[in-house]
>>> print(open('entry-v9.csv').read())   # CSV, C-alpha atoms
chain,number,residue,atom,x,y,z
A,1,MET,CA,0.0,0.0,0.0
A,2,ALA,CA,2.9,2.3,0.6
A,3,VAL,CA,4.1,1.8,-3.0
A,4,LEU,CA,0.6,2.2,-4.3
A,5,SER,CA,0.2,5.5,-2.4
A,6,TRP,CA,2.7,7.2,-4.8
A,7,PRO,CA,0.6,7.1,-8.0
A,8,ILE,CA,-2.7,7.6,-6.0
A,9,ALA,CA,-1.4,10.7,-4.3
A,10,LEU,CA,-0.1,12.1,-7.6
A,11,HIS,CA,-3.4,11.7,-9.4
A,12,PHE,CA,-5.3,12.8,-6.3
A,13,PHE,CA,-3.7,16.3,-6.3
A,14,ARG,CA,-4.1,16.6,-10.1
A,15,MET,CA,-7.8,16.0,-10.1
A,16,ASN,CA,-10.0,19.0,-10.6
A,17,LYS,CA,-13.2,17.6,-9.2
A,18,LYS,CA,-13.6,17.3,-5.4
A,19,VAL,CA,-16.0,14.4,-5.8
A,20,ARG,CA,-13.4,12.3,-7.5
A,21,GLN,CA,-10.8,13.3,-5.0
A,22,ILE,CA,-13.1,12.2,-2.1
A,23,ALA,CA,-14.0,8.9,-3.8
A,24,VAL,CA,-10.4,8.0,-4.6
A,25,LEU,CA,-9.1,8.9,-1.1
A,26,GLY,CA,-12.0,7.2,0.6
A,27,LEU,CA,-11.4,3.9,-1.3
A,28,PHE,CA,-7.7,4.1,-0.6
A,29,LEU,CA,-8.1,4.8,3.1
A,30,SER,CA,-10.7,2.0,3.5
A,31,ALA,CA,-8.4,-0.6,1.9
A,32,LEU,CA,-5.5,0.7,4.0
A,33,PHE,CA,-7.3,0.6,7.3
A,34,SER,CA,-8.7,-2.9,6.5
A,35,LEU,CA,-5.2,-4.1,5.9
A,36,TYR,CA,-4.1,-2.5,9.2
A,37,LEU,CA,-6.7,-4.5,11.0
A,38,VAL,CA,-6.1,-7.9,9.2
A,39,PRO,CA,-3.7,-9.1,11.9
A,40,LEU,CA,-6.5,-9.1,14.4
A,41,GLY,CA,-8.1,-11.9,12.6
A,42,MET,CA,-5.0,-13.9,11.8
A,43,TYR,CA,-4.0,-17.1,13.6
A,44,SER,CA,-0.8,-19.1,13.8
A,45,PRO,CA,0.1,-21.9,16.1
A,46,CYS,CA,3.5,-20.4,16.3
A,47,ILE,CA,2.3,-17.4,18.2
A,48,LYS,CA,2.7,-19.0,21.7
A,49,GLU,CA,3.4,-18.0,25.2
A,50,ALA,CA,7.1,-18.5,26.1
A,51,GLY,CA,7.8,-21.9,27.4
A,52,THR,CA,4.7,-23.6,25.9
A,53,LEU,CA,6.4,-25.1,22.8
A,54,GLY,CA,6.4,-28.9,23.0
A,55,PRO,CA,9.1,-31.3,21.7
A,56,ALA,CA,9.8,-31.6,18.0
A,57,PRO,CA,7.6,-34.2,16.2
A,58,THR,CA,9.3,-37.4,15.6
A,59,LEU,CA,10.2,-38.2,12.0
A,60,ILE,CA,8.8,-41.1,10.0
A,61,GLY,CA,10.4,-41.7,6.7
A,62,HIS,CA,7.8,-41.8,3.9
A,63,ARG,CA,8.7,-45.0,2.0
A,64,GLY,CA,12.2,-44.6,3.6
A,65,ALA,CA,14.2,-41.6,2.4
A,66,PRO,CA,12.9,-41.3,-1.2
A,67,MET,CA,15.0,-38.2,-1.9
A,68,LEU,CA,18.2,-40.2,-1.2
A,69,ALA,CA,17.3,-43.6,-2.6
A,70,PRO,CA,14.6,-45.4,-4.6
A,71,GLU,CA,11.4,-45.5,-2.5
A,72,ASN,CA,10.4,-48.7,-0.7
A,73,THR,CA,13.8,-50.3,-1.0
A,74,ILE,CA,16.1,-51.5,1.7
A,75,MET,CA,18.6,-48.8,0.7
A,76,SER,CA,15.9,-46.2,1.2
A,77,PHE,CA,15.0,-47.4,4.7
A,78,GLU,CA,18.7,-47.6,5.7
A,79,LYS,CA,19.2,-44.0,4.5
A,80,ALA,CA,16.2,-43.0,6.7
A,81,VAL,CA,17.8,-44.7,9.7
A,82,GLU,CA,21.1,-42.9,9.0
A,83,ALA,CA,19.3,-39.6,8.9
A,84,ARG,CA,18.0,-40.2,12.4
A,85,GLY,CA,14.4,-41.0,11.5
A,86,GLN,CA,12.5,-42.5,14.4
A,87,GLY,CA,10.0,-44.4,12.2
A,88,LEU,CA,9.7,-46.0,8.8
A,89,GLU,CA,6.5,-45.9,6.6
A,90,THR,CA,5.8,-48.3,3.7
A,91,ASP,CA,3.1,-50.0,1.7
A,92,VAL,CA,2.5,-53.7,1.7
A,93,THR,CA,0.7,-56.1,-0.6
A,94,ILE,CA,0.7,-59.9,-1.0
A,95,SER,CA,2.3,-61.9,-3.8
A,96,TYR,CA,0.4,-64.6,-5.6
A,97,ASP,CA,2.1,-67.2,-3.6
A,98,GLY,CA,1.5,-65.5,-0.2
A,99,VAL,CA,4.6,-63.4,0.5
A,100,PRO,CA,4.0,-59.9,1.8
A,101,PHE,CA,6.2,-57.4,-0.1
A,102,LEU,CA,6.6,-53.7,-0.4
A,103,MET,CA,4.9,-51.8,-3.3
A,104,HIS,CA,3.0,-48.6,-3.3
A,105,ASP,CA,1.3,-48.7,-6.7
A,106,SER,CA,-1.2,-51.2,-7.8
A,107,THR,CA,1.0,-52.1,-10.8
A,108,LEU,CA,4.8,-52.5,-11.1
A,109,ARG,CA,5.3,-50.1,-14.0
A,110,ARG,CA,6.5,-47.0,-12.2
A,111,THR,CA,9.1,-48.4,-9.9
A,112,THR,CA,10.4,-51.5,-11.6
A,113,ASN,CA,11.6,-52.7,-15.0
A,114,VAL,CA,8.6,-55.0,-15.4
A,115,GLU,CA,8.2,-53.8,-19.0
A,116,ASP,CA,11.6,-55.4,-19.8
A,117,VAL,CA,11.2,-58.6,-17.9
A,118,PHE,CA,7.5,-59.3,-18.3
A,119,PRO,CA,6.5,-57.1,-21.3
A,120,ASN,CA,3.1,-58.8,-21.7
A,121,ARG,CA,2.1,-58.5,-18.0
A,122,THR,CA,2.7,-54.8,-17.2
A,123,HIS,CA,-1.0,-54.1,-16.8
A,124,LEU,CA,-1.4,-56.8,-14.1
A,125,ASP,CA,-1.9,-56.0,-10.4
A,126,ALA,CA,1.4,-56.3,-8.5
A,127,SER,CA,-0.1,-59.0,-6.3
A,128,MET,CA,-0.6,-61.3,-9.3
A,129,PHE,CA,3.1,-62.0,-9.5
A,130,THR,CA,4.8,-64.7,-7.5
A,131,TRP,CA,7.7,-63.8,-5.1
A,132,THR,CA,10.1,-65.6,-7.5
A,133,GLU,CA,9.0,-63.4,-10.4
A,134,LEU,CA,9.2,-60.3,-8.3
A,135,GLN,CA,12.8,-61.0,-7.3
A,136,GLN,CA,13.7,-60.9,-11.0
A,137,LEU,CA,12.8,-57.2,-11.2
A,138,ASN,CA,15.1,-54.2,-10.7
A,139,ALA,CA,13.5,-51.6,-8.3
A,140,GLY,CA,16.2,-48.9,-8.4
A,141,SER,CA,17.3,-48.0,-12.0
A,142,TRP,CA,14.1,-45.9,-12.5
A,143,PHE,CA,15.2,-43.6,-9.6
A,144,LEU,CA,18.4,-42.6,-11.4
A,145,SER,CA,16.8,-42.2,-14.8
A,146,ARG,CA,13.7,-40.3,-13.8
A,147,ASP,CA,15.2,-38.5,-10.8
A,148,PRO,CA,11.8,-37.7,-9.1
A,149,PHE,CA,13.1,-35.2,-6.6
A,150,GLY,CA,16.0,-33.8,-8.6
A,151,THR,CA,18.5,-35.3,-6.1
A,152,ALA,CA,20.0,-38.1,-8.0
A,153,SER,CA,22.9,-36.0,-9.2
A,154,SER,CA,24.0,-35.3,-5.6
A,155,LEU,CA,24.5,-39.0,-4.9
A,156,SER,CA,28.0,-40.4,-4.5
A,157,ASP,CA,29.2,-43.0,-7.1
A,158,GLU,CA,28.9,-45.7,-4.4
A,159,ASP,CA,25.3,-44.7,-3.7
A,160,ARG,CA,24.4,-44.6,-7.4
A,161,LEU,CA,25.7,-48.1,-7.8
A,162,GLN,CA,23.8,-49.3,-4.8
A,163,ALA,CA,20.6,-47.6,-6.0
A,164,GLN,CA,21.0,-49.1,-9.5
A,165,ASN,CA,20.9,-52.6,-8.0
A,166,GLN,CA,18.0,-52.4,-5.6
A,167,SER,CA,15.3,-55.2,-5.7
A,168,VAL,CA,11.7,-55.4,-4.5
A,169,PRO,CA,12.0,-56.1,-0.7
A,170,SER,CA,9.7,-58.4,1.3
A,171,LEU,CA,7.9,-57.3,4.4
A,172,ALA,CA,10.2,-59.6,6.4
A,173,GLN,CA,13.3,-57.8,5.1
A,174,PHE,CA,11.9,-54.4,5.9
A,175,LEU,CA,10.9,-55.4,9.4
A,176,GLU,CA,14.4,-56.8,10.1
A,177,VAL,CA,15.9,-53.3,9.3
A,178,ALA,CA,13.4,-51.7,11.7
A,179,ALA,CA,14.0,-54.3,14.4
A,180,LYS,CA,17.7,-54.0,14.2
A,181,SER,CA,17.6,-50.2,14.5
A,182,SER,CA,14.7,-50.1,17.0
A,183,ARG,CA,12.5,-48.0,14.7
A,184,LEU,CA,8.7,-47.7,14.6
A,185,VAL,CA,7.0,-49.1,11.5
A,186,LEU,CA,3.8,-47.8,9.9
A,187,PHE,CA,2.4,-49.4,6.8
A,188,ASP,CA,-0.7,-49.4,4.5
A,189,LEU,CA,-1.9,-52.9,3.6
A,190,ARG,CA,-3.6,-53.4,0.3
A,191,ARG,CA,-6.1,-56.1,-0.1
A,192,PRO,CA,-5.5,-58.4,-3.2
A,193,PRO,CA,-8.0,-58.3,-6.1
A,194,TYR,CA,-10.7,-60.8,-6.7
A,195,GLY,CA,-9.3,-64.2,-7.8
A,196,HIS,CA,-6.2,-63.9,-5.7
A,197,PRO,CA,-5.7,-66.9,-3.5
A,198,TYR,CA,-4.9,-64.8,-0.4
A,199,ARG,CA,-7.7,-62.3,-0.8
A,200,GLN,CA,-9.5,-63.6,2.3
A,201,SER,CA,-6.5,-64.3,4.5
A,202,TYR,CA,-4.1,-61.4,3.7
A,203,ILE,CA,-4.6,-59.9,7.2
A,204,ASN,CA,-3.6,-63.1,8.9
A,205,THR,CA,-0.7,-63.7,6.5
A,206,THR,CA,0.7,-60.2,7.2
A,207,LEU,CA,0.2,-60.5,10.9
A,208,GLU,CA,2.2,-63.8,11.1
A,209,VAL,CA,5.1,-62.1,9.3
A,210,VAL,CA,5.0,-59.1,11.7
A,211,GLN,CA,5.0,-61.3,14.8
A,212,ALA,CA,7.9,-63.4,13.5
A,213,HIS,CA,10.3,-60.5,12.8
A,214,ILE,CA,9.7,-57.5,15.1
A,215,ASN,CA,8.4,-56.6,18.5
A,216,SER,CA,4.7,-55.8,18.1
A,217,SER,CA,5.0,-52.7,20.2
A,218,GLN,CA,7.1,-51.1,17.4
A,219,VAL,CA,4.2,-51.5,14.9
A,220,LEU,CA,1.6,-48.8,14.2
A,221,TRP,CA,-1.1,-51.1,12.8
A,222,LEU,CA,-3.0,-49.1,10.3
A,223,PRO,CA,-5.3,-51.6,8.4
A,224,SER,CA,-8.9,-51.1,9.6
A,225,GLU,CA,-10.3,-54.4,8.5
A,226,ASP,CA,-10.8,-56.9,11.4
A,227,ARG,CA,-9.2,-54.5,13.8
A,228,LYS,CA,-10.9,-55.9,16.9
A,229,LEU,CA,-9.8,-59.4,15.9
A,230,VAL,CA,-6.3,-58.2,15.3
A,231,HIS,CA,-6.2,-56.5,18.7
A,232,ALA,CA,-7.4,-59.6,20.4
A,233,VAL,CA,-4.7,-61.7,18.7
A,234,ASP,CA,-1.9,-59.2,19.4
A,235,PRO,CA,-2.8,-56.4,21.9
A,236,GLU,CA,0.8,-55.1,21.8
A,237,LEU,CA,0.2,-53.6,18.3
A,238,GLN,CA,-0.3,-49.8,18.3
A,239,GLN,CA,-3.7,-49.5,16.7
A,240,THR,CA,-3.6,-46.5,14.3
A,241,SER,CA,-6.6,-45.0,12.5
A,242,GLY,CA,-6.5,-43.2,9.2
A,243,GLU,CA,-9.8,-41.4,9.9
A,244,LYS,CA,-11.0,-38.9,12.5
A,245,ALA,CA,-13.8,-40.1,14.7
A,246,SER,CA,-15.3,-39.3,18.1
A,247,ILE,CA,-13.2,-40.1,21.2
A,248,GLN,CA,-15.6,-42.8,22.2
A,249,GLU,CA,-15.4,-44.5,18.8
A,250,LEU,CA,-11.6,-44.4,18.8
A,251,THR,CA,-11.3,-45.7,22.3
A,252,ASP,CA,-13.7,-48.6,21.5
A,253,GLU,CA,-11.4,-49.5,18.6
A,254,HIS,CA,-8.3,-49.3,21.0
A,255,ILE,CA,-6.9,-46.5,18.8
A,256,VAL,CA,-3.7,-44.9,20.2
A,257,ARG,CA,-2.6,-42.9,17.2
A,258,LEU,CA,-4.2,-41.0,14.3
A,259,ASN,CA,-2.5,-40.9,10.9
A,260,LEU,CA,-4.0,-38.0,9.0
A,261,HIS,CA,-3.2,-35.4,6.3
A,262,TYR,CA,-1.8,-32.3,7.8
A,263,SER,CA,-4.6,-30.1,6.3
A,264,SER,CA,-7.3,-32.0,8.2
A,265,MET,CA,-6.1,-31.3,11.8
A,266,SER,CA,-6.0,-28.2,13.9
A,267,GLN,CA,-4.1,-27.4,17.1
A,268,GLN,CA,-7.3,-27.7,19.1
A,269,GLN,CA,-8.1,-31.2,17.6
A,270,ILE,CA,-4.6,-32.4,18.3
A,271,ARG,CA,-4.9,-31.3,21.9
A,272,LYS,CA,-8.3,-32.8,22.3
A,273,TYR,CA,-7.1,-36.3,21.2
A,274,LEU,CA,-3.9,-36.0,23.2
A,275,SER,CA,-6.0,-35.4,26.3
A,276,VAL,CA,-7.1,-39.0,26.1
A,277,ASN,CA,-3.6,-40.3,25.1
A,278,ILE,CA,-4.3,-40.5,21.3
A,279,SER,CA,-1.3,-39.1,19.5
A,280,THR,CA,-1.3,-37.6,16.0
A,281,ASN,CA,0.9,-38.3,13.0
A,282,LEU,CA,0.6,-35.9,10.1
A,283,TYR,CA,1.5,-36.7,6.5
A,284,VAL,CA,3.2,-35.8,4.1
A,285,ILE,CA,5.3,-32.9,5.5
A,286,SER,CA,8.5,-32.3,3.6
A,287,GLN,CA,9.0,-28.5,3.8
A,288,PRO,CA,10.6,-26.9,6.8
A,289,TRP,CA,7.9,-24.3,7.1
A,290,LEU,CA,5.2,-27.0,7.2
A,291,TYR,CA,7.2,-28.9,9.8
A,292,THR,CA,7.4,-25.7,11.8
A,293,LEU,CA,3.6,-25.4,11.8
A,294,ALA,CA,3.2,-29.1,12.8
A,295,TRP,CA,5.7,-28.6,15.6
A,296,CYS,CA,3.9,-25.5,16.9
A,297,ALA,CA,0.5,-27.2,16.7
A,298,GLY,CA,1.7,-30.0,18.9
A,299,ALA,CA,1.8,-33.0,16.5
A,300,GLN,CA,3.6,-35.9,17.9
A,301,SER,CA,5.1,-37.2,14.7
A,302,VAL,CA,5.1,-36.5,10.9
A,303,THR,CA,5.7,-38.6,7.8
A,304,THR,CA,8.2,-36.9,5.5
A,305,ASN,CA,10.1,-37.3,2.2
A,306,SER,CA,12.9,-35.0,3.4
A,307,ILE,CA,13.9,-36.7,6.6
A,308,HIS,CA,17.6,-35.7,6.1
A,309,ILE,CA,16.6,-32.1,6.0
A,310,LEU,CA,14.0,-31.9,8.8
A,311,SER,CA,16.2,-33.9,11.2
A,312,ARG,CA,18.7,-31.0,11.2
A,313,MET,CA,16.1,-28.5,12.5
A,314,SER,CA,16.7,-27.7,16.2
A,315,LYS,CA,13.9,-25.1,16.4
A,316,PRO,CA,10.9,-23.8,14.5
A,317,LEU,CA,11.6,-21.4,11.6
A,318,PHE,CA,9.4,-18.8,13.3
A,319,LEU,CA,8.1,-18.5,16.8
A,320,MET,CA,7.0,-15.5,18.8
A,321,THR,CA,5.0,-14.6,21.9
A,322,PRO,CA,1.6,-12.7,21.5
A,323,GLU,CA,3.3,-9.6,22.9
A,324,GLU,CA,6.1,-9.7,20.2
A,325,TYR,CA,3.5,-10.3,17.5
A,326,VAL,CA,1.4,-7.2,18.6
A,327,LEU,CA,4.5,-5.1,18.8
A,328,MET,CA,5.6,-6.2,15.3
A,329,TRP,CA,2.1,-5.5,14.0
A,330,ILE,CA,1.9,-2.0,15.6
A,331,LEU,CA,5.4,-0.9,14.5
A,332,THR,CA,4.7,-2.1,10.9
A,333,ASP,CA,1.5,-0.1,10.7
A,334,VAL,CA,3.0,3.0,12.2
A,335,VAL,CA,6.0,3.0,9.8
A,336,SER,CA,3.6,2.4,6.9
A,337,ALA,CA,1.3,5.2,7.9
A,338,VAL,CA,4.1,7.7,8.3
A,339,LEU,CA,5.6,6.8,4.9
A,340,ILE,CA,2.2,7.1,3.2
A,341,PHE,CA,1.5,10.5,4.9
A,342,ALA,CA,5.0,11.7,3.8
A,343,ILE,CA,4.2,10.7,0.2
A,344,PHE,CA,0.9,12.6,0.2
A,345,VAL,CA,2.6,15.7,1.7
A,346,PHE,CA,5.4,15.5,-0.9
A,347,HIS,CA,2.9,15.4,-3.8
A,348,TRP,CA,0.8,18.2,-2.3
A,349,TRP,CA,3.9,20.4,-1.9
A,350,ARG,CA,5.2,19.6,-5.4
A,351,GLU,CA,1.9,20.2,-7.2
A,352,ARG,CA,1.6,23.7,-5.6
A,353,GLY,CA,5.2,24.6,-6.6
A,354,LEU,CA,6.1,25.4,-3.0
A,355,PRO,CA,9.8,25.4,-1.9
A,356,PHE,CA,11.0,22.5,0.1
A,357,TRP,CA,13.2,24.7,2.2
A,358,SER,CA,13.7,28.3,3.0
A,359,GLY,CA,15.5,30.3,0.2
A,360,SER,CA,15.4,27.5,-2.3
A,361,ARG,CA,13.7,29.6,-5.0
A,362,GLN,CA,15.9,31.4,-7.5
A,363,THR,CA,15.3,35.2,-7.7
A,364,HIS,CA,15.4,37.6,-10.6
A,365,GLU,CA,16.2,41.3,-10.4
A,366,ASN,CA,12.5,42.1,-10.9
A,367,GLY,CA,11.1,39.3,-8.6
A,368,PRO,CA,11.0,35.6,-8.2
A,369,TYR,CA,12.4,33.7,-11.1
A,370,SER,CA,10.3,31.1,-13.0
A,371,LYS,CA,11.4,29.3,-16.1
A,372,PHE,CA,8.0,29.9,-17.5
A,373,ARG,CA,7.9,33.6,-16.7
A,374,THR,CA,8.5,36.6,-19.0
A,375,ASP,CA,7.9,40.3,-18.6
A,376,SER,CA,6.5,40.6,-22.1
A,377,PRO,CA,2.9,39.4,-22.6
A,378,ASP,CA,3.7,38.4,-26.2
A,379,VAL,CA,6.5,35.9,-26.6
A,380,ILE,CA,7.7,35.0,-30.1
A,381,CYS,CA,9.8,31.9,-30.4
A,382,VAL,CA,12.0,31.9,-33.5
A,383,HIS,CA,13.8,28.7,-34.6
A,384,TRP,CA,17.1,30.0,-35.8
A,385,ASN,CA,19.8,28.0,-37.5
A,386,PRO,CA,23.2,29.4,-36.3
A,387,LEU,CA,25.0,28.0,-39.3
A,388,HIS,CA,23.4,30.5,-41.7
A,389,SER,CA,23.1,33.9,-40.1
A,390,ASP,CA,23.1,36.0,-36.9
A,391,PRO,CA,20.1,35.7,-34.7
A,392,PRO,CA,17.3,38.3,-35.3
A,393,ALA,CA,17.5,41.2,-33.0
A,394,GLY,CA,15.2,41.1,-30.0
A,395,ALA,CA,14.1,37.5,-30.6
A,396,PHE,CA,13.8,34.8,-28.0
A,397,VAL,CA,16.1,32.1,-29.3
A,398,SER,CA,16.0,28.4,-28.4
A,399,LEU,CA,19.2,26.6,-29.4
A,400,PRO,CA,19.1,22.9,-30.2
A,401,SER,CA,20.7,20.9,-27.5
A,402,VAL,CA,23.2,19.5,-30.1
A,403,PHE,CA,25.0,22.9,-30.0
A,404,SER,CA,25.3,23.0,-26.2
A,405,GLN,CA,28.8,21.8,-26.5
>>> encode(input="entry-v9.csv", output="structure tokens")
Amino acid sequence: MAVLSWPIALHFFRMNKKVRQIAVLGLFLSALFSLYLVPLGMYSPCIKEAGTLGPAPTLIGHRGAPMLAPENTIMSFEKAVEARGQGLETDVTISYDGVPFLMHDSTLRRTTNVEDVFPNRTHLDASMFTWTELQQLNAGSWFLSRDPFGTASSLSDEDRLQAQNQSVPSLAQFLEVAAKSSRLVLFDLRRPPYGHPYRQSYINTTLEVVQAHINSSQVLWLPSEDRKLVHAVDPELQQTSGEKASIQELTDEHIVRLNLHYSSMSQQQIRKYLSVNISTNLYVISQPWLYTLAWCAGAQSVTTNSIHILSRMSKPLFLMTPEEYVLMWILTDVVSAVLIFAIFVFHWWRERGLPFWSGSRQTHENGPYSKFRTDSPDVICVHWNPLHSDPPAGAFVSLPSVFSQ
């Protein structure tokens, strides 16, 4: 608005009609005062009383560390552990012969070379392949060729070679990495399509692998199907819901954690659930400013693609007390108002031709000097070419600037 006040003030003082002046000035001042009052209606979780900021949310690697290695590969999860992530998130489906393995998409096209190995089966659901067939696929070369995050060029030669040779991992292999590093695990479980031999038993098949390879208390169990039965079989699993519900409904389902998109939760909701010991995990948060908001809002954990970046943050990017916010707001408004007032005064002064300081006007022997003033009421301007003759006597001569030298 301060920048906009310059042309508005200029035109305001050049207008001849008072009505137009009042209309322009009224609109401008209305918009200005509205903006001055906007901070009254603004809210940020990072405006907090001193000492009320909670601990930083723990970091859960979204499919590992997908900016540093091919997603859902052992290399990716190892990179997440190296970056000090406290949890690992993945996606699980069941092979045609009953082996749970890691794959996010319903087909194998995006993250494997299935088009080269099984060119006539690229359209099939990933779960329609046997474990032996899945082991023939390369799950890393696509990362180097497509470079989904623009980070492949920053990898060392050793990391590039390792990424190039990644394969599709089984759930058991993934759990072993988590168990060895004492990390939490969170996974989506996709039900196989109709006609799959494990369509009805995929929950039990997955649960058996989990119990055989990791302490159940490290597992955030997200699948909602047969939740009560799963809890009865293994009460140590941390039941996690992907949907908001009433506190009563969540406690009836033994939910201890919510896994929700960051846009669907507020600071008040996070506090409400935490009051009954239900923690909140927000996904997918990869930018430091978003992580700052989640931290200030009190989220207990976040799922992220940039675990290597967020793990280096020791404090929120911005944090202030209400008093500091009010002071900043008032000072900004005052500086803006003073600047706008000065701009209007400047244009008022200039348009009236008044001096900016005492004695600044030039004087002539017969009175104040003006470049537009002459003592004669009739001024004749003669364009004279100095190359041809002397100037006419008594004429007012204007020399072209080219001869000023």
>>> closest_residue(input="entry-v9.csv", among="A:Cys46, A:Ile60, A:Ala245, A:Ala2", to="Gly87 (chain A)", atoms="all atoms listed in the file")
A:Ile60
>>> closest_residue(input="entry-v9.csv", among="A:Phe346, A:Phe13, A:Tyr96, A:Trp289", to="His196 (chain A)", atoms="all atoms listed in the file")
A:Tyr96
>>> atom_distance(input="entry-v9.csv", atom1="CA of Tyr325 (chain A)", atom2="CA of Ala56 (chain A)")
22.2 Å
>>> residues_around(input="entry-v9.csv", residues="region 106-112 of chain A", least_positions_apart="6", cutoff="6 Å", atoms="all atoms listed in the file", output="ChimeraX atom specification")
/A:125-126,138-139
>>> residues_around(input="entry-v9.csv", residues="region 64-69 of chain A", least_positions_apart="2", cutoff="7 Å", atoms="only C-alpha atoms", output="ChimeraX atom specification")
/A:61-62,71-72,75-77,79-80,88-89,149,151,163,305-307
>>> closest_residue(input="entry-v9.csv", among="A:Pro39, A:Pro7, A:Pro57, A:Gly26", to="Asp333 (chain A)", atoms="all atoms listed in the file")
A:Pro39
>>> closest_residue(input="entry-v9.csv", among="A:Glu243, A:Asp159, A:Glu351, A:Glu323", to="Glu78 (chain A)", atoms="all atoms listed in the file")
A:Asp159
>>> atom_distance(input="entry-v9.csv", atom1="CA of Ala179 (chain A)", atom2="CA of Asp105 (chain A)")
25.3 Å
>>> residues_around(input="entry-v9.csv", residues="Glu324 (chain A)", least_positions_apart="3", cutoff="12 Å", atoms="only C-alpha atoms", output="PyMOL selection string")
chain A and resi 46-50+318-321+327-331
>>> atom_distance(input="entry-v9.csv", atom1="CA of Phe187 (chain A)", atom2="CA of Glu249 (chain A)")
22.0 Å
>>> residues_around(input="entry-v9.csv", residues="Ala9 (chain A)", least_positions_apart="4", cutoff="10 Å", atoms="all atoms listed in the file", output="number ranges by chain")
A: 4-5, 13-14, 21, 24-25, 28, 340-341, 343-348
>>> closest_residue(input="entry-v9.csv", among="A:Pro70, A:Pro316, A:Gly353, A:Pro235", to="Trp142 (chain A)", atoms="all atoms listed in the file")
A:Pro70
>>> residues_around(input="entry-v9.csv", residues="Arg199 (chain A)", least_positions_apart="3", cutoff="10 Å", atoms="only C-alpha atoms", output="ChimeraX atom specification")
/A:94,96,98,127,190-196,202-203
>>> write_last_selection(input="entry-v9.csv", atoms="C-alpha atoms", output="mmCIF file, keeping the file's coordinate frame")
data_model
loop_
_atom_site.group_PDB
_atom_site.id
_atom_site.type_symbol
_atom_site.label_atom_id
_atom_site.label_comp_id
_atom_site.auth_asym_id
_atom_site.auth_seq_id
_atom_site.Cartn_x
_atom_site.Cartn_y
_atom_site.Cartn_z
ATOM 1 C CA ILE A 94 0.700 -59.900 -1.000
ATOM 2 C CA TYR A 96 0.400 -64.600 -5.600
ATOM 3 C CA GLY A 98 1.500 -65.500 -0.200
ATOM 4 C CA SER A 127 -0.100 -59.000 -6.300
ATOM 5 C CA ARG A 190 -3.600 -53.400 0.300
ATOM 6 C CA ARG A 191 -6.100 -56.100 -0.100
ATOM 7 C CA PRO A 192 -5.500 -58.400 -3.200
ATOM 8 C CA PRO A 193 -8.000 -58.300 -6.100
ATOM 9 C CA TYR A 194 -10.700 -60.800 -6.700
ATOM 10 C CA GLY A 195 -9.300 -64.200 -7.800
ATOM 11 C CA HIS A 196 -6.200 -63.900 -5.700
ATOM 12 C CA TYR A 202 -4.100 -61.400 3.700
ATOM 13 C CA ILE A 203 -4.600 -59.900 7.200
#
